[in-house]
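Shown below: coords-v8.csv, with CSV, C-alpha atoms.
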chain,number,residue,atom,x,y,z
K,1,MET,CA,41.7,-27.4,-2.1
K,2,PRO,CA,42.3,-31.1,-1.3
K,3,GLU,CA,41.3,-32.0,2.2
K,4,LEU,CA,44.2,-32.3,4.6
K,5,LEU,CA,42.3,-33.2,7.7
K,6,PRO,CA,39.6,-35.8,7.0
K,7,SER,CA,36.6,-35.9,9.1
K,8,PRO,CA,36.8,-38.6,11.9
K,9,THR,CA,33.6,-40.2,10.5
K,10,GLU,CA,34.9,-40.4,7.0
K,11,PRO,CA,35.4,-44.1,6.0
K,12,ARG,CA,39.0,-44.8,5.1
K,13,LEU,CA,40.8,-48.0,4.1
K,14,SER,CA,43.8,-49.0,6.2
K,15,THR,CA,47.2,-48.5,4.8
K,16,ARG,CA,47.8,-52.2,4.6
K,17,THR,CA,44.5,-52.8,2.8
K,18,THR,CA,45.2,-50.0,0.3
K,19,THR,CA,48.7,-51.4,-0.4
K,20,VAL,CA,47.4,-54.9,-1.0
K,21,LEU,CA,44.6,-53.7,-3.4
K,22,MET,CA,47.1,-51.5,-5.3
K,23,GLN,CA,49.5,-54.5,-5.7
K,24,LEU,CA,46.7,-56.7,-6.9
K,25,LEU,CA,45.7,-54.2,-9.5
K,26,LEU,CA,49.3,-53.7,-10.5
K,27,TRP,CA,49.9,-57.5,-10.9
K,28,LEU,CA,46.7,-57.8,-13.1
K,29,LEU,CA,47.9,-54.9,-15.3
K,30,LEU,CA,51.4,-56.4,-15.4
K,31,TYR,CA,50.1,-59.9,-16.4
K,32,GLY,CA,48.1,-58.2,-19.2
K,33,PHE,CA,51.2,-56.4,-20.3
K,34,TYR,CA,53.3,-59.6,-20.6
K,35,PHE,CA,50.5,-61.4,-22.4
K,36,ALA,CA,50.3,-58.6,-25.0
K,37,TRP,CA,54.1,-58.3,-25.2
K,38,ASN,CA,54.5,-61.9,-26.1
K,39,ASN,CA,51.7,-61.7,-28.7
K,40,ARG,CA,53.1,-58.7,-30.6
K,41,PRO,CA,53.2,-59.1,-34.4
K,42,ASN,CA,57.0,-59.8,-34.7
K,43,TYR,CA,57.1,-62.1,-31.7
K,44,HIS,CA,54.1,-64.3,-31.9
K,45,PHE,CA,53.9,-67.9,-30.8
K,46,THR,CA,51.2,-70.4,-31.7
K,47,GLY,CA,49.4,-72.4,-29.0
K,48,HIS,CA,49.5,-71.7,-25.3
K,49,ILE,CA,51.9,-69.0,-24.0
K,50,TRP,CA,50.6,-68.7,-20.5
K,51,PRO,CA,53.5,-70.8,-19.0
K,52,TYR,CA,56.0,-68.4,-20.5
K,53,VAL,CA,54.0,-65.3,-19.4
K,54,LEU,CA,53.7,-66.8,-15.9
K,55,LEU,CA,57.5,-67.3,-15.7
K,56,GLU,CA,58.2,-63.7,-16.6
K,57,TRP,CA,55.3,-62.4,-14.5
K,58,THR,CA,56.4,-64.1,-11.3
K,59,PHE,CA,60.0,-62.9,-11.6
K,60,ALA,CA,58.7,-59.3,-12.2
K,61,ILE,CA,56.7,-59.5,-9.0
K,62,GLY,CA,59.8,-60.6,-7.1
K,63,LEU,CA,61.9,-57.9,-8.8
K,64,PHE,CA,59.3,-55.2,-8.0
K,65,ASN,CA,59.2,-56.1,-4.2
K,66,CYS,CA,63.0,-56.2,-4.0
K,67,LEU,CA,63.3,-52.8,-5.6
K,68,VAL,CA,60.4,-51.1,-3.8
K,69,TYR,CA,61.0,-52.5,-0.3
K,70,LEU,CA,64.7,-53.2,-0.1
K,71,ILE,CA,67.1,-51.9,-2.8
K,72,ILE,CA,65.7,-48.4,-3.4
K,73,PRO,CA,64.6,-47.3,0.2
K,74,ARG,CA,67.1,-49.2,2.4
K,75,TRP,CA,70.2,-49.1,0.2
K,76,LEU,CA,70.1,-46.7,-2.7
K,77,LEU,CA,68.4,-43.7,-1.0
K,78,ARG,CA,70.5,-44.2,2.2
K,79,GLY,CA,73.8,-44.0,0.3
K,80,ARG,CA,74.7,-47.7,0.6
K,81,PHE,CA,75.7,-47.8,-3.0
K,82,SER,CA,77.9,-50.9,-2.6
K,83,LEU,CA,74.9,-52.9,-1.3
K,84,ALA,CA,72.7,-51.5,-4.0
K,85,LEU,CA,75.2,-52.5,-6.7
K,86,MET,CA,75.6,-56.0,-5.2
K,87,GLY,CA,71.8,-56.3,-5.1
K,88,ALA,CA,71.6,-55.4,-8.8
K,89,VAL,CA,74.2,-58.0,-9.7
K,90,ALA,CA,72.3,-60.6,-7.6
K,91,LEU,CA,69.1,-59.8,-9.5
K,92,ILE,CA,71.0,-60.4,-12.8
K,93,TYR,CA,72.2,-63.8,-11.5
K,94,THR,CA,68.8,-64.6,-10.1
K,95,TYR,CA,67.1,-63.7,-13.3
K,96,ARG,CA,69.4,-66.0,-15.4
K,97,LEU,CA,68.9,-68.9,-13.1
K,98,TRP,CA,65.2,-68.3,-12.8
K,99,MET,CA,64.7,-68.3,-16.5
K,100,TYR,CA,67.0,-71.4,-16.9
K,101,VAL,CA,65.1,-73.5,-14.4
K,102,GLY,CA,61.7,-72.2,-15.5
K,103,ALA,CA,62.4,-72.8,-19.2
K,104,LEU,CA,63.5,-76.4,-18.4
K,105,LEU,CA,60.2,-77.1,-16.5
K,106,ILE,CA,58.1,-75.5,-19.3
K,107,ILE,CA,59.9,-77.5,-22.0
K,108,HIS,CA,59.4,-80.8,-20.2
K,109,TYR,CA,56.0,-80.4,-18.6
K,110,ALA,CA,53.9,-77.6,-20.1
K,111,PRO,CA,51.7,-78.0,-23.2
K,112,ILE,CA,53.4,-75.5,-25.4
K,113,SER,CA,53.9,-75.2,-29.2
K,114,ALA,CA,57.1,-76.3,-31.0
K,115,ASP,CA,58.1,-72.7,-31.8
K,116,LEU,CA,57.9,-71.6,-28.2
K,117,ARG,CA,59.8,-74.7,-27.1
K,118,TYR,CA,62.5,-73.9,-29.6
K,119,ASN,CA,62.7,-70.3,-28.4
K,120,LEU,CA,63.0,-71.3,-24.8
K,121,GLN,CA,65.6,-73.9,-25.6
K,122,LYS,CA,67.7,-71.5,-27.5
K,123,SER,CA,67.3,-68.5,-25.2
K,124,TYR,CA,67.2,-69.9,-21.7
K,125,ALA,CA,67.5,-73.7,-21.4
K,126,GLU,CA,71.1,-74.0,-22.4
K,127,SER,CA,73.7,-74.0,-19.6
K,128,PRO,CA,73.6,-70.6,-17.8
K,129,TRP,CA,77.2,-70.8,-16.5
K,130,PRO,CA,78.9,-69.1,-19.5
K,131,ASP,CA,76.6,-66.2,-19.0
K,132,LEU,CA,77.3,-66.0,-15.3
K,133,THR,CA,81.1,-66.3,-15.3
K,134,SER,CA,82.1,-63.7,-17.8
K,135,TRP,CA,81.5,-59.9,-18.2
K,136,ARG,CA,80.2,-60.4,-21.7
K,137,GLY,CA,77.7,-63.0,-20.5
K,138,LEU,CA,76.6,-60.8,-17.5
K,139,LEU,CA,76.2,-57.8,-19.9
K,140,GLY,CA,74.0,-60.0,-22.2
K,141,SER,CA,72.0,-61.2,-19.2
K,142,LEU,CA,71.5,-57.6,-18.1
K,143,MET,CA,70.3,-56.5,-21.5
K,144,ASP,CA,67.9,-59.5,-21.6
K,145,LEU,CA,66.7,-58.6,-18.1
K,146,LEU,CA,66.1,-55.0,-19.1
K,147,ALA,CA,64.2,-56.0,-22.2
K,148,THR,CA,62.0,-58.3,-20.2
K,149,VAL,CA,61.4,-56.3,-17.0
K,150,LEU,CA,62.0,-52.7,-18.0
K,151,PHE,CA,58.3,-52.0,-17.6
K,152,PRO,CA,58.1,-53.3,-14.0
K,153,ILE,CA,61.3,-51.5,-13.1
K,154,ILE,CA,59.8,-48.2,-14.3
K,155,VAL,CA,56.6,-49.0,-12.4
K,156,SER,CA,58.7,-49.8,-9.3
K,157,PHE,CA,60.3,-46.3,-9.2
K,158,VAL,CA,56.9,-44.6,-10.0
K,159,THR,CA,55.2,-46.7,-7.3
K,160,TYR,CA,57.9,-45.9,-4.8
K,161,ALA,CA,57.5,-42.2,-5.5
K,162,LEU,CA,53.8,-42.5,-4.9
K,163,VAL,CA,54.4,-44.4,-1.7
K,164,ILE,CA,56.7,-41.6,-0.5
K,165,GLU,CA,54.1,-39.0,-1.4
K,166,ARG,CA,51.4,-40.9,0.4
K,167,ARG,CA,53.6,-41.1,3.5
K,168,ARG,CA,54.4,-37.4,3.2
K,169,LEU,CA,50.8,-36.5,3.1
K,170,ALA,CA,50.0,-38.8,6.1
K,171,LEU,CA,52.8,-37.1,8.1
K,172,GLU,CA,51.5,-33.7,7.2
K,173,ARG,CA,48.0,-34.7,8.4
K,174,ASP,CA,49.5,-36.0,11.6
K,175,HIS,CA,51.5,-32.9,12.0
K,176,LEU,CA,48.4,-30.7,11.6
K,177,ARG,CA,46.6,-32.7,14.2
K,178,LEU,CA,49.5,-32.3,16.6
K,179,GLU,CA,49.6,-28.6,15.9
K,180,LEU,CA,45.9,-28.3,16.6
K,181,SER,CA,46.3,-30.2,19.8
K,182,TYR,CA,49.2,-27.9,20.7
K,183,LEU,CA,47.2,-24.8,20.1
K,184,LYS,CA,44.4,-26.2,22.3
K,185,ALA,CA,46.9,-26.9,25.0
K,186,GLN,CA,48.1,-23.3,24.8
K,187,ILE,CA,44.7,-22.1,26.0
K,188,ASN,CA,44.3,-24.6,28.9
K,189,PRO,CA,47.2,-24.4,31.4
K,190,GLN,CA,48.7,-20.9,32.2
K,191,PHE,CA,45.9,-18.9,30.7
K,192,LEU,CA,43.3,-21.0,32.6
K,193,PHE,CA,45.1,-20.7,35.9
K,194,ASN,CA,45.5,-16.9,35.5
K,195,THR,CA,41.9,-16.5,34.6
K,196,LEU,CA,40.8,-18.6,37.6
K,197,GLY,CA,43.0,-16.4,39.8
K,198,THR,CA,41.4,-13.3,38.5
K,199,LEU,CA,38.0,-14.9,39.0
K,200,GLN,CA,38.8,-15.7,42.6
K,201,ARG,CA,39.8,-12.1,43.3
K,202,LEU,CA,36.6,-10.8,41.7
K,203,THR,CA,34.4,-13.2,43.7
K,204,ARG,CA,36.1,-12.3,47.0
K,205,SER,CA,35.4,-8.6,46.3
K,206,ARG,CA,31.9,-9.4,45.0
K,207,ASP,CA,32.8,-7.8,41.7
K,208,ARG,CA,29.9,-8.0,39.3
K,209,ARG,CA,32.3,-8.9,36.5
K,210,ALA,CA,32.9,-12.3,37.9
K,211,GLY,CA,29.8,-13.6,36.2
K,212,ASP,CA,31.1,-12.4,32.8
K,213,VAL,CA,34.4,-14.1,33.4
K,214,VAL,CA,32.6,-17.4,34.0
K,215,LEU,CA,30.5,-17.1,30.9
K,216,HIS,CA,33.5,-16.1,28.7
K,217,LEU,CA,35.6,-18.9,30.1
K,218,ALA,CA,32.9,-21.5,29.7
K,219,ASP,CA,32.3,-20.6,26.1
K,220,LEU,CA,36.0,-20.5,25.4
K,221,MET,CA,36.6,-24.0,26.8
K,222,ARG,CA,33.5,-25.4,25.1
K,223,TYR,CA,34.7,-24.2,21.7
K,224,THR,CA,38.3,-25.5,22.1
K,225,LEU,CA,37.3,-28.9,23.5
K,226,TYR,CA,34.2,-29.8,21.5
K,227,GLU,CA,33.9,-27.7,18.3
K,228,THR,CA,37.4,-27.7,16.7
K,229,ASP,CA,37.7,-31.3,15.6
K,230,THR,CA,36.7,-30.6,12.0
K,231,GLU,CA,38.5,-29.4,8.9
K,232,ARG,CA,36.5,-26.1,8.9
K,233,VAL,CA,34.3,-24.2,11.4
K,234,ALA,CA,32.0,-21.3,10.9
K,235,LEU,CA,33.9,-18.1,10.7
K,236,SER,CA,31.2,-16.4,13.0
K,237,ARG,CA,31.9,-19.0,15.7
K,238,GLU,CA,35.7,-18.5,15.4
K,239,LEU,CA,35.2,-14.7,15.8
K,240,GLU,CA,33.0,-15.2,18.8
K,241,PHE,CA,35.8,-17.3,20.3
K,242,LEU,CA,38.4,-14.5,19.7
K,243,GLU,CA,36.0,-12.0,21.4
K,244,ASP,CA,35.7,-14.2,24.4
K,245,TYR,CA,39.4,-14.7,24.6
K,246,LEU,CA,40.2,-11.0,24.4
K,247,ALA,CA,37.5,-10.2,26.9
K,248,LEU,CA,39.3,-12.4,29.4
K,249,GLU,CA,42.7,-10.8,28.5
K,250,ARG,CA,41.2,-7.4,29.3
K,251,LEU,CA,40.4,-8.7,32.8
K,252,LEU,CA,43.9,-10.2,33.2
K,253,HIS,CA,45.5,-7.0,32.0
K,254,PRO,CA,43.2,-4.1,33.1
K,255,GLU,CA,46.0,-1.6,32.8
K,256,ALA,CA,46.5,-2.3,29.1
K,257,THR,CA,44.5,-0.8,26.2
K,258,ILE,CA,43.1,-3.7,24.1
K,259,ALA,CA,40.9,-2.8,21.2
K,260,HIS,CA,39.4,-5.3,18.7
K,261,GLU,CA,37.1,-4.7,15.8
K,262,VAL,CA,35.4,-6.8,13.1
K,263,GLU,CA,34.5,-5.2,9.8
K,264,GLY,CA,32.4,-6.6,7.0
K,265,ALA,CA,29.5,-9.0,6.7
K,266,VAL,CA,30.0,-12.4,8.3
K,267,THR,CA,27.6,-14.9,6.7
K,268,SER,CA,28.4,-18.5,5.8
K,269,GLN,CA,32.2,-18.2,5.5
K,270,GLN,CA,34.3,-21.0,7.0
K,271,LEU,CA,37.8,-21.1,8.4
K,272,ALA,CA,40.3,-23.7,9.8
K,273,PRO,CA,39.7,-23.7,13.6
K,274,LEU,CA,42.0,-21.8,15.9
K,275,LEU,CA,44.0,-20.4,12.9
K,276,LEU,CA,44.0,-16.8,14.1
K,277,HIS,CA,44.1,-17.4,17.8
K,278,PRO,CA,47.9,-17.8,18.1
K,279,PHE,CA,48.6,-14.4,16.5
K,280,LEU,CA,46.4,-12.7,19.2
K,281,GLU,CA,47.4,-14.9,22.1
K,282,ARG,CA,51.1,-14.5,21.7
K,283,LEU,CA,50.7,-10.7,21.8
K,284,PHE,CA,50.4,-10.9,25.6
K,285,VAL,CA,53.5,-12.9,26.3
K,286,GLY,CA,55.9,-10.9,28.3
K,287,ILE,CA,53.9,-7.6,28.4
K,288,GLU,CA,54.0,-7.8,32.3
K,289,ALA,CA,57.5,-6.4,32.1
K,290,ALA,CA,56.3,-3.2,30.2
K,291,PRO,CA,54.7,-0.3,32.1
K,292,GLY,CA,51.0,-1.1,32.1
K,293,SER,CA,49.7,2.2,30.7
K,294,SER,CA,52.2,2.0,27.8
K,295,VAL,CA,50.7,-1.3,26.4
K,296,HIS,CA,48.4,-0.6,23.4
K,297,ILE,CA,47.0,-3.5,21.3
K,298,GLN,CA,44.8,-2.9,18.3
K,299,SER,CA,43.5,-5.7,16.2
K,300,THR,CA,41.1,-5.4,13.2
K,301,ILE,CA,39.6,-8.3,11.2
K,302,HIS,CA,38.1,-7.3,7.8
K,303,VAL,CA,35.8,-9.9,6.3
K,304,ASP,CA,34.8,-10.1,2.6
K,305,ALA,CA,32.7,-12.8,0.9
K,306,ASP,CA,35.7,-15.0,0.1
K,307,ALA,CA,38.6,-13.3,1.9
K,308,LEU,CA,39.7,-12.2,5.4
K,309,THR,CA,42.3,-9.7,6.6
K,310,LEU,CA,43.8,-9.6,10.1
K,311,GLN,CA,45.8,-6.4,11.1
K,312,ILE,CA,47.5,-6.2,14.5
K,313,VAL,CA,49.4,-3.3,16.0
K,314,ARG,CA,51.1,-3.5,19.4
K,315,THR,CA,53.1,-0.9,21.2
K,316,THR,CA,54.6,-1.5,24.6
K,317,GLY,CA,56.6,1.6,25.5
K,318,MET,CA,59.8,-0.5,25.8
K,319,PRO,CA,61.2,-3.5,23.9
K,320,LEU,CA,60.1,-6.9,25.3
K,321,ALA,CA,62.5,-9.7,26.0
K,322,HIS,CA,60.2,-12.2,24.3
K,323,LEU,CA,60.3,-12.0,20.5
K,324,TYR,CA,57.0,-12.4,18.8
K,325,ARG,CA,58.4,-13.4,15.4
K,326,THR,CA,60.5,-16.4,16.7
K,327,ASP,CA,57.8,-17.7,19.1
K,328,ALA,CA,57.2,-21.4,18.6
K,329,ALA,CA,53.4,-20.9,18.4
K,330,ILE,CA,53.7,-18.2,15.7
K,331,GLU,CA,56.0,-20.5,13.7
K,332,ALA,CA,53.5,-23.3,14.0
K,333,ALA,CA,50.6,-21.0,13.0
K,334,LEU,CA,52.6,-19.9,9.9
K,335,ARG,CA,53.3,-23.5,9.1
K,336,ARG,CA,49.5,-24.3,9.3
K,337,LEU,CA,48.9,-21.5,6.9
K,338,GLU,CA,51.4,-23.0,4.4
K,339,LEU,CA,49.8,-26.5,4.7
K,340,GLN,CA,46.1,-25.6,4.8
K,341,TYR,CA,46.1,-22.4,2.6
K,342,PRO,CA,49.0,-22.9,0.1
K,343,GLN,CA,49.3,-19.8,-2.2
K,344,GLN,CA,46.1,-18.5,-0.6
K,345,HIS,CA,47.6,-16.2,2.0
K,346,THR,CA,50.2,-13.5,2.6
K,347,VAL,CA,51.8,-12.5,5.9
K,348,GLN,CA,53.7,-9.3,6.6
K,349,LEU,CA,55.3,-9.1,10.1
K,350,THR,CA,57.6,-6.3,11.4
K,351,GLU,CA,58.9,-6.2,14.9
K,352,GLU,CA,61.1,-3.3,15.8
K,353,ASN,CA,62.0,-2.2,19.3
K,354,ALA,CA,58.6,-1.7,21.1
K,355,HIS,CA,56.5,-1.7,18.0
K,356,LEU,CA,54.9,-4.8,16.3
K,357,ARG,CA,52.8,-4.8,13.2
K,358,LEU,CA,51.2,-7.9,11.5
K,359,HIS,CA,49.2,-8.0,8.3
K,360,LEU,CA,47.6,-11.3,7.3
K,361,SER,CA,45.5,-11.7,4.1
K,362,LEU,CA,43.7,-15.0,3.6
K,363,GLN,CA,41.5,-16.4,0.8
K,364,LEU,CA,38.7,-18.4,2.4

What is this structure when it is put down as structure tokens?
Amino acid sequence: MPELLPSPTEPRLSTRTTTVLMQLLLWLLLYGFYFAWNNRPNYHFTGHIWPYVLLEWTFAIGLFNCLVYLIIPRWLLRGRFSLALMGAVALIYTYRLWMYVGALLIIHYAPISADLRYNLQKSYAESPWPDLTSWRGLLGSLMDLLATVLFPIIVSFVTYALVIERRRLALERDHLRLELSYLKAQINPQFLFNTLGTLQRLTRSRDRRAGDVVLHLADLMRYTLYETDTERVALSRELEFLEDYLALERLLHPEATIAHEVEGAVTSQQLAPLLLHPFLERLFVGIEAAPGSSVHIQSTIHVDADALTLQIVRTTGMPLAHLYRTDAAIEAALRRLELQYPQQHTVQLTEENAHLRLHLSLQL
């Protein structure tokens, strides 16, 4: 699977530098194309042809930038078709005038052969006005433009598609980082305050469980703050984090029945950090409204060499006002699965009255 969240220490070129390098490579390839095009067997000139190649090449560069950075993204794709059409007509006029002026300069000042001079004189150096003031002349200029710059036009559309794809991937990476930050923030505020309140009550009553609360909370915060900034973490560490989290939830909800079991051998498997946590954490939202003894939560994680299965069953004795399926954190977790494990997971979620069942299968 391609890496979506690169390591902070991975060397990366800036977007601007990458764009400049890609354009330089494109211009070198384009110059070679025009040089080969003007040396094809049925269109071959003696002597130097670089002035003519340079004339076509420089216009192709301008055409490319107009299409990629102005006409396609700002006019055509935004529905401003009249502006796009006027831009296309302007390019035709510009091309005819560009070739006219360039041909005159090459004919008078460049060291070219007689056959190339004759071709430039016949094709471009005559007065451009008949071609620019009639539909027939514009159509001929358009055909001449397409024959000359069809390759850079195709490259322009392909390049723009690659630029859009690059931006989409960058946005997805940023989105994943924001989601991970959001998941971390879910652990800090309300849960932390409730845990500290429970810890205060336990210390006042000299309850021996207070020390366990401190240990679980410290390990939980250490993991979320310092160990989840990588693409993958050890599955064993993620499961320890879930154990600490559920241990604290048992202290916050002593009247509820909370069971958790891990089956299978956990060795060197890895998992995206905090991927499973939202599915467990959002189980406890709103359960205060249900009778305490009626809340039963059973979660089972089955681990294979290259797969993981999470099963959750929750019964509350009465329907809860807060819906699990439409919770923002659950939707974000499902989105992370789609982005980080595409076609490598299945999720079955049913929520009816006071009964909730979740089955998640994941290829590691």

Point-to-point distance from CA of Tyr43 in chain K to CA of Leu120 in chain K, Å rounded to tenths =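 Separation of CA of Tyr43 in chain K and CA of Leu120 in chain K: 12.9 Å.
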
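Neighbourhood of point (33.1, -16.0, 26.3): residues with an atom at most 7 Å away, counting all atoms listed in the file, are Leu215, His216, Leu217, Ala218, Asp219, Leu220, Phe241, Glu243, Asp244 and Tyr245 of chain K.
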
Proximity to Ala234 in chain K - best of K:Leu310, K:Leu364, K:Arg282, K:Ile154, only C-alpha atoms =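 Smallest separation from Ala234 in chain K among the options: K:Leu364.
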
Please indicate the distance in Å from CA of Thr346 in chain K to CA of Leu334 in chain K, rounded to one decimal place.
->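 Answer for the CA of Thr346 in chain K to CA of Leu334 in chain K separation: 10.0 Å.
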
Residue with smallest distance to Ser299 in chain K - pool K:Leu242, K:Ala125, K:Met221, K:Ala259, counting all atoms listed in the file = K:Ala259

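Counting from CA of Leu146 in chain K, the distance to CA of Leu85 in chain K is 15.6 Å.
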
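Ranking K:Ala332, K:Leu24, K:Val158, K:Leu275 by their shortest atom-to-atom distance to Leu178 in chain K, with all atoms listed in the file included, puts K:Ala332 first.
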
Surrounding residues of Thr58 in chain K excluding itself and chain neighbours under 6 positions, 10 Å, only C-alpha atoms, as a compact mmCIF listing (two decimals) with C-alpha atoms, in the coordinates of the input:
# COMPACT_ATOMS: atom_id res chain seq x y z
CA TRP K 27 49.90 -57.50 -10.90
CA TYR K 31 50.10 -59.90 -16.40
CA PHE K 64 59.30 -55.20 -8.00
CA TRP K 98 65.20 -68.30 -12.80
